[in-house]
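Worksheet: the structure to be examined is printed underneath.
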Amino acid sequence: MRITGGSARGRRLAAPGSGRDLIRPTCDRVREALFNLLGARPRGSRVLDLFAGTGALGIEALSRGAVFALFVDRSLTAGRLIETNLRASLSCPAAAFARLDLAATTNLTPLRAGLDPDLPFDLVFLDPPYRQHLAERLLPLLEPAGLLAPGALVVVEEHARVDLPAQSGLLALVDQRRYGETGLWLYRPRPAGT
């Protein structure tokens with residue numbers, strides 16, 4: 001695995017060993033396609049990487065100009081991988097790791113602890129284990145937890161054959177792409193009153 005663009009382009013990312021905490025990194029080809037789709041959006045953004053695993057998505061965003069990334073995973077193995085990958089890729093990353101079992105939680109508000117309440121996230125990556133219906137359950141929790149900036153973009157990675165809703169809470173689907181067995185769904189908050 002390598003960073004596909006930005007200041008750390010070409011730097012290798014450490015990957016999990018086999019069978020360790022079920023970490024499934026986003027492959028380079030899909031990550032590069034996603035960031036080509038995002039264009040300049042990461043520049044200057046605050047990023048939330050849910051089910052972060054190796055941290056590849058958030059680190060890619062930092063490499064491409066994001067100003068902060070919060071990596072969230074239940075696994076300490078993931079936390080160590082993310083720390084290793086941040087040190088190897090970026091000289092002075094503005095990043096934090098939060099340990100939370102996203103598969104079991106019904107409230108994302110604890111993720112705001114210690115963060116500036118006036119600086120919610122512009123870009124959210126939601127990359128849960130495939131086919132466990134976790135994206136459908138977590139999408140409507142993002143807005144009530146105060147995690148989304150106006151005009152935020154939420155990117156869900158799931159198995160390509162999964163059907164995700166066109167609307168989820170205050171989020172509306174704005175784009176959908178498939179890359180082999182991987183699907184990407186892009187959501188934005190609906191304007192007030194719609």
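As shown in the structure tokens, the chain order sets the letters A, B, ...; within each chain, residues go from 1, and ligands are also counted from 1 in the order they appear.
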Tell me, as a PyMOL selection string, which residues lie within 10 Å of Leu13 of chain A, counting only C-alpha atoms; anything in the same chain fewer than 6 positions away does not count.
chain A and resi 1-3+54-56+59+81-82+84-86+88-89
Let's have the selection written as an mmCIF file, in the first residue's frame, with C-alpha atoms.
```
data_model
loop_
_atom_site.group_PDB
_atom_site.id
_atom_site.type_symbol
_atom_site.label_atom_id
_atom_site.label_comp_id
_atom_site.auth_asym_id
_atom_site.auth_seq_id
_atom_site.Cartn_x
_atom_site.Cartn_y
_atom_site.Cartn_z
ATOM 1 C CA MET A 1 0.000 0.000 0.000
ATOM 2 C CA ARG A 2 1.223 3.457 -0.941
ATOM 3 C CA ILE A 3 -0.057 7.013 -0.663
ATOM 4 C CA THR A 54 -4.508 1.484 8.725
ATOM 5 C CA GLY A 55 -5.493 5.147 8.440
ATOM 6 C CA ALA A 56 -4.960 5.073 4.667
ATOM 7 C CA ILE A 59 -3.507 9.922 5.734
ATOM 8 C CA LEU A 81 -0.746 1.018 12.648
ATOM 9 C CA ILE A 82 -2.090 4.542 12.180
ATOM 10 C CA THR A 84 3.299 4.073 12.456
ATOM 11 C CA ASN A 85 1.864 5.198 9.128
ATOM 12 C CA LEU A 86 1.574 8.838 10.196
ATOM 13 C CA ALA A 88 6.428 7.284 8.172
ATOM 14 C CA SER A 89 4.373 9.484 5.846
#
```
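Non-sequential neighbours of Gly151 of chain A (distance at most 8 Å, separation of 3 or more positions within a chain, only C-alpha atoms) are Asp122, Arg188 and Pro189 of chain A.
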Keeping only N, CA and C atoms, write those residues as a compact mmCIF listing (two decimals), in the first residue's frame.
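Done, and the output landed in result.txt:
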```txt
# COMPACT_ATOMS: atom_id res chain seq x y z
N ASP A 122 -15.35 18.45 7.63
CA ASP A 122 -15.73 18.75 6.26
C ASP A 122 -15.81 17.49 5.40
N ARG A 188 -24.30 14.17 1.17
CA ARG A 188 -24.19 15.54 1.70
C ARG A 188 -25.42 15.84 2.54
N PRO A 189 -25.27 16.72 3.54
CA PRO A 189 -26.45 17.15 4.28
C PRO A 189 -27.43 17.85 3.36
```
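With only C-alpha atoms as the basis for measurement, A:Val154 is the residue among A:Ala98, A:Leu57, A:Leu50, A:Val154 that approaches Leu171 of chain A most closely.
Among the candidates A:Gly146, A:Gly5, A:Gly79, A:Pro129, the residue lying nearest to Ala113 of chain A is A:Gly146 (atoms considered: only C-alpha atoms).
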Mind checking DSSP for segment 75-121 of chain A and telling me the strand (DSSP E) residues as an NGL selection string?
:A and (95-99 or 121)
Leaving out segment 66-72 of chain A and any residue of its chain fewer than 4 positions from it, which residues lie within 6 Å of it when counting only C-alpha atoms, given as a PyMOL selection string?
chain A and resi 42-52+61-62+94-99
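Note that DSSP on the backbone gives helix (DSSP H, G or I) to these residues of segment 87-179 of chain A: A:Arg87, A:Ala88, A:Ser89, A:Thr109, A:Pro110, A:Leu111, A:Arg112, A:Leu134, A:Ala135, A:Glu136, A:Arg137, A:Leu138, A:Leu139, A:Pro140, A:Leu141, A:Leu142.
The closest residue to Ala145 of chain A, picked from A:Gln176, A:Tyr130, A:Asp118, A:Pro110 and counting only C-alpha atoms, is A:Pro110.
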